[in-house]
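Let me begin by presenting the structure, written as structure tokens, before commenting on it.
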Amino acid sequence: MTVTSGTAASRRIFRRGAAFRDAGPPVALVVLFLIFAALSPQFRSIENVQNIVDAAAVLAVVTCGITFVLMMGSIDLSAAGVMGASALTVSLLVANNRNDNDLGLLGIAVAVVLGCAFGCLSGLALVLLKVPSFMATLGVSAIGLGVATLMFAGVQPNITDAMLKSWAIERFLGLSYLTWIAAACILVGWLIQRYTRLGRYAFAIGGAEEVLTLSGVKVKPYKVAVFALAGAFYGLGGVMVTSQLGAGLVQAGNGYDFSAITAAVVGGTLLTGGRGGVLHSAVGVVLVMVLTNGLVQIGVSPYWQGGVEGLIVVAAVAAAVIPQRRRNQVVK
Amino acid sequence: MSTPVAVQPVAEPATGRNGPRPAQRLTGFMPLIALVALVAALAVADPDFLTARSLTAVARTAAPLIVLAAGATLIVLCGGIDLSIAALASLTTVLLALWLPALGGLATPVVIAVAAAIGAVQGLAHVLLRIPSFIVTLGGMSILSAVALVVSGAGTVRVVDDTPVAWLELYLGGYVPMSAAMALLVVALIAAVLKATPLQSWISATGYSESAARLAGTPVDLVKIGAFCVSGACAGFAAVMLVSRQYSGGPTMADNLLLPAVAAIVVGGTAITGGHGSLWRSLAGALVVTLLRVGLPIVGVPSAYEQILYGVIIVVAVALTLDWSKVSIIK
Amino acid sequence: MSVPAEREPTTSAPVPALEVRGLVKHYPGVKALDGVDLVVHQHEVLGLAGENGAGKSTLLKALVGLVTPDAGEIYVRGEAVKLRSVVDAADHGIGMVFQEQSLVPNLTAAENILLGGEGGAVRRGVYRWDVMRRLAQEQLDKIGSKIDPLARTDSLSFADRQMVEIAKVLRIEQRSQHPPVIILDEPTSVLESKEIETLFAQIRRLREFASVVFVSHRLDEVLDVCDRVAVLRNGQSVGEVATAGAVPRELHRMMIGSTGSDDHYHENAATAVEAEQPRLSVRGLSGQTFHDIDLDVAAGEIVAIVGVHGSGREDVCRALFGAEPTTGGEIRMDGKKISLPNTRAACAAGIGYVPAERKTEGMVGPMSVADNMTLTKQKARCSGPFVAPGKQAGLVDRWIERLSIRTPGRDTPIQRLSGGNQQKVVLARWLVGGDIRLLLLDHPTRGLDIGARSEVYRLMRELAANGVATVLLADSLEEAIGMADRILVMNDGRVVAEVACPNGGKPSPLDLVKEMV
């Protein structure tokens, strides 16, 4: 038998039931798109489709990060705080109106590393202090917001760095640079998930953590690393928001934590872990963006966006739980 | 498949080492120690702190937080969490501000009832759909915020005639703010009802070991829904207090109370794993959190540190109060 | 090099692959292992037999480092070793195929096989799928399995997953550079008979390059596949049998031993059952793991249900209490139908349930003895809607005395009591209301010492004498025969036999075993 290449192998590992299940979100995406396209002429315009894709960029990056955490069966509510901190960091490190820094790419790298550090903090609180992830990340989010507020210090830093500003404005093949960055992130995320021990173990931890322990795998470092990886993605997300806004805001990440969970869950990632992945989440992101954009286009108040996301999360989780009901199962 | 029995802790010794760990013994007094230490520190830092004026100010600030934390404590005692309390309170301020002109004095009980009903719906979703409580309430938070934005038009709703809620701004005996007294009353009332009825047993059993409680015929589902319902009502009452202070309702008015409320619960020493804790502890926790909030500027720390402090407090307090023996794998 | 003559291994008896001497393991109140000796020769399939609670699983866990023995030695190829973890054991060439499979369902078979020791398949954290595939294929080839190494594990059949598990265990060969010792814990309990044939062929193949310890409830299988069988009873080795020409009956006699002549089960206290209308009447009860269960229990009668692991008897017991979903059938108490599945309705109808997992399901550990005892029958401690502390104290103290529960006080957290006293509190929970009519006892004496067992038995007799009907899932056949008036045998989710078990006319365990397997 010839040795199969990676992609062929990846196709092979999906069984039929899973393939059917995986087809759900893309089909829903197409159906939803067609419905809105039929209802609203603005929706089906090229500009609007560009809008949707561009607007999805930041969410896609954040969701990419959170997907790894969710795959382990943990949860991460720290995106908002981490993004705020990284937004302020980058805006104070690249050329801006508050100080004389002009670090350019290095500043961006520092912001991403900061995000990584926050993720590390969540992970360490989880594995060393045994604080459940939703609590640990809630705390880390607060810390991130606090750090951001400290850096904000009452005066909004507006960025003047041409490169960072161009990310949100310049277009390549009709899509903004941010969108291409997001696409690259998805690709990197997929490679990590598919070809690295970190990604595979994150997947396995969600599937059967106790088996890993029993096989002599030390899972704790991997858990911390996964949170750190997620933090790096949030950090980059914060940078991207700063590019969009042209300024560093504490609220840069507002709502992204929940939207990212929504997108991941809708894309088919289970909150109990062990299922889903970066590509699933990418579909989920577009699905969420199409839904929120479409609703606005047909005249629903944009304020409903959070409500719609809340409903989908609850519905998606409930739908995923139904086949798993076991006797006397404890749900906290 | 594949949950090997082998990795479960084998037959833990039943005697001796199951007593409270030193850390747990310490956390038993932690809120009180922290409270006394804080008051002492603030009194030293600012001699004016121990005057009636600043103490009543602290009490008034603490009141909504106490009520909010008290309600959510019930859910934590059952082993769950309610992340929607602040959003629910915000929504309720909007509803109250909108309904006051039409309903007058009736508006207060009506909005509290509505908040209780919303809480109960979340409880039902948690129990019937078997979704983890933090997801239900996270979704709930998002939905309630959206509703608040929509009904308020994303702006502050002014209250022109606040007589129906002005009584909360009175002072009992000239010194004790009515809102603080009411907060105390809410805590005392709920705590007394729990203690005097089988509810206390049921809640503890549900929180400590849901499967054991179920197999002992405890109405676990009803207890949980009830807890969510009371938590909702408390959020509603906290909203009434906020409106009476601010003469308005706003779609994000109470949102910044979520972290302090969660911090109050865990600082009080109520274990996030369920079972262990009480409403009185959350009362102490809420006072600690409020003192920190009020005290930071007094000792010259920028209030930006407030958020960081909440974050640290939540992580550390949860770690200290967690029942490690109960959870073998922590996600 | 000079070696003392007596230490020199004789050519006729090579060093055993694995040897255990005087292994002891205590749990509170129980001696799980009480000086076990065991020898596993190289290239041998050794069977391990023993009743539930004989110490088999503790012994196996000690062999793979999941349990640290209190005393005794484990020798691997003649060398004393301390095994602290599964990895430790693997380094010494001992591996186990767990009863409940230990594979990560959402990984590929190859990843599972190489888990924890990927070798060249992962370079600097990056997977090389082609190498991984090749390495896994090598393992699978050893056992002649045709599974695609890159298939997702949860897409494989149960038997195939077992092959993956064996292939995974065989990886320890590379680790220790010696012929491995493979332990198979109840590998056949969920397999079809054809799959069992394949597995047995596999085991015989393993013998070529490994030693195998085979554990199964099914004695005919043990005799079929093993060269030698060691028997455990009450945590001790009671002997071994060469399988050539042996029959299950012989083995079983060793497993059970001689029944003591003392009145351990308080049989004198057994009362005759008057058969009128049955108290509990079950018709056609079906669920996921059991089908068409018919069961009648009269007031004052003790009915035991026996069956091997996987027979579905535990699920039936839970279904009777409304704690397990059912797909059909009905349950009547004194002729009145009970709504299903609803534990509250069951409680209201006077049904009580003592779960097998006392620590996690039976009691609420941190709560006091008093609160645990009155958890179900709240009315008994309340006046109107309110708890009456005085009433509760009196009630609890009365039952503490009546069941002679040894506790520092009624407010002591129940987790500080010994197992036997905990169990008595759990039992008392159903008695304090004074309205108990049917008790479902799921392994009520599990983990209790002899004295505590005896007290539980006496209490059961007393309740039966007072007209309480009892369904018992006994810890051992001996216990079932000793306590029951009637025994139902379950196999594969169905009741396959009913054996009368009156005082003076008790059946022998062998009569039951015949039906169980």
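We label chains A, B, ... in the order they appear in the structure tokens, count residues from 1 in each chain, and number ligands from 1 in the order shown.
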Considering only C-alpha atoms, tabulate each residue of chain C that lies at most 7 Å from chain B along with its nearest interatomic pair and the corresponding distance in Å to one decimal; arrange the rows by chain and ascending residue number and present them as CSV.
```
residue,atom,partner,partner_atom,distance
C:Tyr27,CA,B:Pro13,CA,6.8
C:Pro28,CA,B:Pro13,CA,5.6
C:Glu100,CA,B:Pro4,CA,5.2
C:Gln101,CA,B:Ser2,CA,4.8
C:Ser102,CA,B:Ser2,CA,5.2
C:Leu103,CA,B:Ser2,CA,6.2
C:Thr343,CA,B:Gly217,CA,5.6
C:Arg344,CA,B:Gly217,CA,5.1
C:Cys347,CA,B:Gly217,CA,6.2
C:Thr360,CA,B:Ala212,CA,6.3
C:Glu361,CA,B:Ala212,CA,3.9
C:Gly362,CA,B:Ala212,CA,5.4
C:Met363,CA,B:Ala212,CA,5.9
C:Val364,CA,B:Ser209,CA,5.9
C:Asp371,CA,B:Ser201,CA,6.6
C:Leu375,CA,B:Ser201,CA,6.7
C:Thr376,CA,B:Ala216,CA,5.5
C:Gln378,CA,B:Pro198,CA,6.5
C:Pro385,CA,B:Thr197,CA,6.3
C:Phe386,CA,B:Thr197,CA,4.7
C:Val387,CA,B:Thr197,CA,5.1
C:Gln415,CA,B:Ala14,CA,6.0
C:Arg416,CA,B:Thr15,CA,4.7
C:Leu417,CA,B:Thr15,CA,6.1
C:Ser418,CA,B:Ala14,CA,5.9
C:Gly419,CA,B:Ala14,CA,6.8
```
Write a file of the just-selected residues containing C-alpha atoms, as a compact mmCIF listing (two decimals), in the first residue's frame.
```
# COMPACT_ATOMS: atom_id res chain seq x y z
CA TYR C 27 -8.65 -0.25 52.35
CA PRO C 28 -10.47 1.15 55.34
CA GLU C 100 -13.48 -0.43 30.00
CA GLN C 101 -11.44 0.49 27.02
CA SER C 102 -8.80 3.11 27.38
CA LEU C 103 -8.60 4.60 23.93
CA THR C 343 -37.49 8.79 41.50
CA ARG C 344 -39.86 11.07 43.41
CA CYS C 347 -40.03 7.38 46.93
CA THR C 360 -20.69 9.18 45.26
CA GLU C 361 -24.33 8.16 45.00
CA GLY C 362 -25.41 6.87 48.37
CA MET C 363 -24.46 9.64 50.71
CA VAL C 364 -23.73 13.34 50.67
CA ASP C 371 -29.21 15.55 57.44
CA LEU C 375 -32.79 13.82 53.37
CA THR C 376 -35.57 11.81 51.78
CA GLN C 378 -38.36 15.41 55.18
CA PRO C 385 -43.50 23.25 56.37
CA PHE C 386 -40.81 23.98 58.94
CA VAL C 387 -37.96 21.89 60.21
CA GLN C 415 -17.81 11.03 55.54
CA ARG C 416 -15.97 10.70 58.83
CA LEU C 417 -17.81 7.48 59.70
CA SER C 418 -16.57 4.03 58.79
CA GLY C 419 -18.05 2.36 55.74
```
Problem - Within 8 Å of stretch 298-312 of chain A using only C-alpha atoms, minus same-chain residues under 3 positions, as JSON, numbers by chain - result: {"A": [36, 39, 40, 259, 262, 266, 288, 292, 294, 295, 315, 316], "B": [138, 139, 140, 141, 142, 143, 144, 145, 146, 147, 149, 150, 154]}
Include C-alpha atoms and write out the residues we just selected as an mmCIF file, in the first residue's frame.
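And here's selection10.cif as it stands now:
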```cif
data_model
loop_
_atom_site.group_PDB
_atom_site.id
_atom_site.type_symbol
_atom_site.label_atom_id
_atom_site.label_comp_id
_atom_site.auth_asym_id
_atom_site.auth_seq_id
_atom_site.Cartn_x
_atom_site.Cartn_y
_atom_site.Cartn_z
ATOM 1 C CA PHE A 36 -31.300 36.574 2.854
ATOM 2 C CA LEU A 39 -35.258 38.760 0.872
ATOM 3 C CA SER A 40 -32.904 41.681 0.441
ATOM 4 C CA SER A 259 -19.395 35.972 19.525
ATOM 5 C CA THR A 262 -21.152 31.374 19.319
ATOM 6 C CA VAL A 266 -22.445 26.950 15.552
ATOM 7 C CA VAL A 288 -22.762 34.232 12.371
ATOM 8 C CA THR A 292 -26.244 39.272 11.817
ATOM 9 C CA GLY A 294 -28.636 39.641 6.927
ATOM 10 C CA LEU A 295 -30.914 40.517 9.816
ATOM 11 C CA ALA A 315 -29.994 26.143 20.842
ATOM 12 C CA ALA A 316 -26.766 24.726 19.416
ATOM 13 C CA LEU B 138 -23.985 33.424 29.273
ATOM 14 C CA GLY B 139 -26.508 33.123 26.459
ATOM 15 C CA GLY B 140 -29.087 34.698 28.749
ATOM 16 C CA MET B 141 -26.754 37.601 29.445
ATOM 17 C CA SER B 142 -26.381 38.234 25.742
ATOM 18 C CA ILE B 143 -30.107 37.958 25.058
ATOM 19 C CA LEU B 144 -31.137 40.146 27.997
ATOM 20 C CA SER B 145 -28.623 42.835 27.045
ATOM 21 C CA ALA B 146 -30.017 42.844 23.529
ATOM 22 C CA VAL B 147 -33.578 43.149 24.809
ATOM 23 C CA LEU B 149 -30.877 47.819 24.206
ATOM 24 C CA VAL B 150 -33.906 47.390 22.008
ATOM 25 C CA ALA B 154 -29.931 52.108 23.488
#
```
Exercise for the section: Tell me, as a list in words, which residues lie within 9 Å of A:Met163, counting only C-alpha atoms; anything in the same chain fewer than 4 positions away does not count. Expected result: Gly104, Leu105 and Trp167 of chain A
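Any residue of chain B with an atom within 6 Å of chain A counts; using only C-alpha atoms, that gives Gly79, Gly80, Leu129, Pro132, Ser133, Gly139, Ser142, Ile143, Ala146, Leu149, Val150, Ala304, Tyr305, Gln307, Ile308, Gly311, Ile314, Val315, Ala319, Ile330 and Lys331 of chain B.
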Go ahead and save the residues from that selection, with N, CA and C atoms, as an mmCIF file, in the first residue's frame.
```cif
data_model
loop_
_atom_site.group_PDB
_atom_site.id
_atom_site.type_symbol
_atom_site.label_atom_id
_atom_site.label_comp_id
_atom_site.auth_asym_id
_atom_site.auth_seq_id
_atom_site.Cartn_x
_atom_site.Cartn_y
_atom_site.Cartn_z
ATOM 1 N N GLY B 79 -24.370 24.343 42.915
ATOM 2 C CA GLY B 79 -23.312 23.826 42.049
ATOM 3 C C GLY B 79 -23.283 24.467 40.676
ATOM 4 N N GLY B 80 -24.105 25.486 40.448
ATOM 5 C CA GLY B 80 -24.114 26.141 39.139
ATOM 6 C C GLY B 80 -23.522 27.531 39.229
ATOM 7 N N LEU B 129 -33.135 21.255 29.196
ATOM 8 C CA LEU B 129 -32.282 21.033 28.022
ATOM 9 C C LEU B 129 -30.930 20.465 28.422
ATOM 10 N N PRO B 132 -25.178 23.236 30.547
ATOM 11 C CA PRO B 132 -24.487 23.750 31.736
ATOM 12 C C PRO B 132 -24.976 25.149 32.072
ATOM 13 N N SER B 133 -25.087 25.440 33.358
ATOM 14 C CA SER B 133 -25.698 26.703 33.771
ATOM 15 C C SER B 133 -24.910 27.900 33.254
ATOM 16 N N GLY B 139 -25.563 32.835 27.540
ATOM 17 C CA GLY B 139 -26.508 33.123 26.459
ATOM 18 C C GLY B 139 -27.568 34.093 26.939
ATOM 19 N N SER B 142 -26.408 37.625 27.061
ATOM 20 C CA SER B 142 -26.381 38.234 25.742
ATOM 21 C C SER B 142 -27.795 38.618 25.287
ATOM 22 N N ILE B 143 -28.733 37.718 25.487
ATOM 23 C CA ILE B 143 -30.107 37.958 25.058
ATOM 24 C C ILE B 143 -30.710 39.126 25.836
ATOM 25 N N ALA B 146 -29.430 42.442 24.808
ATOM 26 C CA ALA B 146 -30.017 42.844 23.529
ATOM 27 C C ALA B 146 -31.423 43.392 23.747
ATOM 28 N N LEU B 149 -31.251 46.824 25.214
ATOM 29 C CA LEU B 149 -30.877 47.819 24.206
ATOM 30 C C LEU B 149 -32.073 48.178 23.340
ATOM 31 N N VAL B 150 -32.796 47.151 22.930
ATOM 32 C CA VAL B 150 -33.906 47.390 22.008
ATOM 33 C C VAL B 150 -35.019 48.173 22.694
ATOM 34 N N ALA B 304 -8.251 52.176 38.319
ATOM 35 C CA ALA B 304 -8.075 51.194 37.253
ATOM 36 C C ALA B 304 -7.659 49.841 37.838
ATOM 37 N N TYR B 305 -7.025 49.885 39.005
ATOM 38 C CA TYR B 305 -6.599 48.635 39.631
ATOM 39 C C TYR B 305 -7.778 47.800 40.134
ATOM 40 N N GLN B 307 -10.396 46.638 38.584
ATOM 41 C CA GLN B 307 -10.652 45.492 37.709
ATOM 42 C C GLN B 307 -9.631 44.383 37.946
ATOM 43 N N ILE B 308 -8.361 44.797 37.990
ATOM 44 C CA ILE B 308 -7.299 43.811 38.179
ATOM 45 C C ILE B 308 -7.519 43.070 39.490
ATOM 46 N N GLY B 311 -10.208 40.501 39.254
ATOM 47 C CA GLY B 311 -9.711 39.322 38.549
ATOM 48 C C GLY B 311 -8.881 38.443 39.460
ATOM 49 N N ILE B 314 -11.024 36.797 42.230
ATOM 50 C CA ILE B 314 -11.849 35.674 41.767
ATOM 51 C C ILE B 314 -11.001 34.421 41.646
ATOM 52 N N VAL B 315 -9.852 34.540 40.989
ATOM 53 C CA VAL B 315 -9.024 33.344 40.762
ATOM 54 C C VAL B 315 -8.528 32.774 42.095
ATOM 55 N N ALA B 319 -9.727 29.283 43.970
ATOM 56 C CA ALA B 319 -8.729 28.249 44.219
ATOM 57 C C ALA B 319 -8.745 27.826 45.684
ATOM 58 N N ILE B 330 -10.489 18.851 35.923
ATOM 59 C CA ILE B 330 -11.055 20.196 35.879
ATOM 60 C C ILE B 330 -10.869 20.768 34.486
ATOM 61 N N LYS B 331 -11.968 21.161 33.896
ATOM 62 C CA LYS B 331 -11.922 21.683 32.530
ATOM 63 C C LYS B 331 -11.866 23.189 32.557
#
```
Practice task
Compile the residues of chain A that lie within 6 Å of chain C, evaluated using only C-alpha atoms, and express the compilation as a PyMOL selection string.
Solution key: chain A and resi 13+195-197+207-208+211+215-217+327
Run DSSP on the backbone and tell me which residues of stretch 185-278 of chain B come out as alpha helix (DSSP H); list them as a short mmCIF file (atom, residue, chain, number, x, y, z; two decimals) with C-alpha atoms, in the first residue's frame.
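And here is the file that came out, out21.cif:
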```
data_model
loop_
_atom_site.label_atom_id
_atom_site.label_comp_id
_atom_site.auth_asym_id
_atom_site.auth_seq_id
_atom_site.Cartn_x
_atom_site.Cartn_y
_atom_site.Cartn_z
CA LEU B 185 -33.57 42.00 55.20
CA VAL B 186 -33.43 40.12 51.89
CA VAL B 187 -30.38 38.15 53.02
CA ALA B 188 -31.88 37.45 56.44
CA LEU B 189 -35.20 36.44 54.98
CA ILE B 190 -33.80 34.02 52.40
CA ALA B 191 -31.34 32.59 54.90
CA ALA B 192 -34.09 32.11 57.48
CA VAL B 193 -36.43 30.43 55.02
CA LEU B 194 -33.65 28.07 53.95
CA LYS B 195 -32.76 27.19 57.50
CA ALA B 196 -36.30 26.69 58.69
CA LEU B 199 -34.69 23.66 51.40
CA GLN B 200 -31.30 24.00 53.09
CA SER B 201 -30.80 20.24 53.04
CA TRP B 202 -31.97 19.96 49.48
CA ILE B 203 -29.75 22.76 48.21
CA SER B 204 -26.68 21.46 50.03
CA ALA B 205 -27.26 17.91 48.87
CA THR B 206 -27.74 19.10 45.28
CA GLY B 207 -24.57 21.14 45.43
CA TYR B 208 -22.38 18.61 47.18
CA GLU B 210 -26.21 15.92 42.69
CA SER B 211 -26.41 12.24 41.87
CA ALA B 212 -26.67 11.25 45.53
CA ALA B 213 -29.35 13.87 46.05
CA ARG B 214 -31.31 12.60 43.06
CA LEU B 215 -31.10 9.00 44.27
CA VAL B 220 -33.20 18.45 42.43
CA ASP B 221 -34.73 19.97 39.32
CA LEU B 222 -37.28 22.02 41.23
CA VAL B 223 -34.64 23.22 43.66
CA LYS B 224 -32.46 24.44 40.82
CA ILE B 225 -35.28 26.19 39.01
CA GLY B 226 -36.28 27.78 42.31
CA ALA B 227 -32.74 29.01 42.85
CA PHE B 228 -32.68 30.61 39.43
CA CYS B 229 -36.07 32.16 40.08
CA VAL B 230 -34.95 33.72 43.38
CA SER B 231 -31.72 34.86 41.77
CA GLY B 232 -33.77 36.60 39.09
CA ALA B 233 -35.99 38.27 41.69
CA CYS B 234 -32.92 39.48 43.57
CA ALA B 235 -31.49 40.93 40.38
CA GLY B 236 -34.82 42.69 39.91
CA PHE B 237 -34.74 44.12 43.41
CA ALA B 238 -31.15 45.29 42.96
CA ALA B 239 -32.34 47.08 39.82
CA VAL B 240 -35.06 48.87 41.80
CA MET B 241 -32.37 50.12 44.19
CA LEU B 242 -30.25 51.34 41.30
CA VAL B 243 -33.17 53.22 39.75
CA SER B 244 -34.04 54.84 43.06
CA ARG B 245 -30.47 56.13 43.31
CA GLN B 246 -29.91 57.22 39.77
CA LEU B 258 -21.21 41.11 37.44
CA LEU B 259 -17.56 40.79 38.40
CA PRO B 260 -17.99 42.36 41.86
CA ALA B 261 -20.96 40.05 42.51
CA VAL B 262 -19.05 36.94 41.49
CA ALA B 263 -16.07 38.18 43.47
CA ALA B 264 -18.31 38.78 46.50
CA ILE B 265 -19.61 35.22 46.36
CA VAL B 266 -16.21 33.56 46.09
CA VAL B 267 -14.53 35.93 48.56
CA GLY B 268 -17.27 35.04 51.01
#
```
Practice task
Please measure the separation of atom CA of C:Met490 and atom CA of C:Gly307, giving the value in Å to one decimal.
Solution key: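 Value for the atom CA of C:Met490-atom CA of C:Gly307 distance: 4.9 Å.
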Practice task
Write out as a ChimeraX atom specification the residues lying within 10 Å of A:Arg194, counting only C-alpha atoms and excluding same-chain residues fewer than 2 positions away.
Solution key: /A:6-7,10,188-192,196-200,203,277-278 /C:126-127,129
Problem - Who sits within 6 Å of B:Ala62, only C-alpha atoms, same chain under 3 positions skipped, as JSON, numbers by chain - result: {"B": [59, 65, 290]}
Find the residues near C:Phe214: any atom within 10 Å, counting only C-alpha atoms, skip ones fewer than 4 places away on the same chain, and give them as a PDB file with C-alpha atoms, in the first residue's frame.
```pdb
ATOM      1  CA  VAL C  45      -1.264 -17.787  29.464  1.00  0.00           C
ATOM      2  CA  LEU C  46      -2.239 -17.586  33.115  1.00  0.00           C
ATOM      3  CA  GLY C  47      -5.891 -17.371  34.044  1.00  0.00           C
ATOM      4  CA  LEU C  48      -6.947 -15.453  37.111  1.00  0.00           C
ATOM      5  CA  ALA C  49     -10.234 -16.453  38.658  1.00  0.00           C
ATOM      6  CA  VAL C  97      -5.870  -3.967  28.393  1.00  0.00           C
ATOM      7  CA  ILE C 182       0.102  -8.500  28.877  1.00  0.00           C
ATOM      8  CA  ILE C 183      -2.852  -8.378  31.250  1.00  0.00           C
ATOM      9  CA  LEU C 184      -6.320  -8.741  29.762  1.00  0.00           C
ATOM     10  CA  ASP C 185      -9.043  -7.676  32.200  1.00  0.00           C
ATOM     11  CA  GLU C 186     -12.438  -9.133  31.270  1.00  0.00           C
ATOM     12  CA  PRO C 187     -11.727  -8.786  27.567  1.00  0.00           C
ATOM     13  CA  ILE C 203      -4.007 -14.658  22.782  1.00  0.00           C
ATOM     14  CA  GLU C 221     -13.294 -19.446  28.610  1.00  0.00           C
ATOM     15  CA  VAL C 222     -10.581 -19.351  31.209  1.00  0.00           C
ATOM     16  CA  VAL C 225      -7.516 -20.392  26.596  1.00  0.00           C
ATOM     17  CA  CYS C 226      -5.245 -20.618  29.641  1.00  0.00           C
ATOM     18  CA  VAL C 229      -5.420 -20.887  36.401  1.00  0.00           C
TER      19      VAL C 229
END
```
Handout entry: Which residue of C:Val471, C:Ala500, C:Leu199, C:Ala345 approaches C:Val297 most closely, using only C-alpha atoms
Key =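 Closest to C:Val297, using only C-alpha atoms: C:Val471.
Atom CA of B:Met253 sits 24.4 Å away from atom CA of B:Leu279.
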Problem - Expected answer as a PyMOL selection string: strand (DSSP E) residues in stretch 39-218 of chain C - result: chain C and resi 39-40+45-49+71-76+79-81+94-97+122-123+126-127+181-185+211-215
Practice task
For C:Val181, please output as an NGL selection string all residues within 6 Å (counting only C-alpha atoms; exclusion window: fewer than 6 positions along the same chain).
Solution key: :C and (94 or 210-212)
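Comparing C:Ala159, C:Val64, C:Val499, C:Val76 by their smallest distance to C:Ile305, the closest is C:Val499 (using only C-alpha atoms).
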Exercise for the section: Would you work out the distance separating atom CA of B:Glu169 from atom CA of B:Leu38, expressed in Å to one decimal? Expected result: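 Value for the atom CA of B:Glu169-atom CA of B:Leu38 distance: 26.3 Å.
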Exercise for the section: Find, counting only C-alpha atoms, the residue in B:Pro109, B:Pro47, B:Gly173, B:Gly119 that gets nearest to B:Ser84. Expected result: B:Gly119
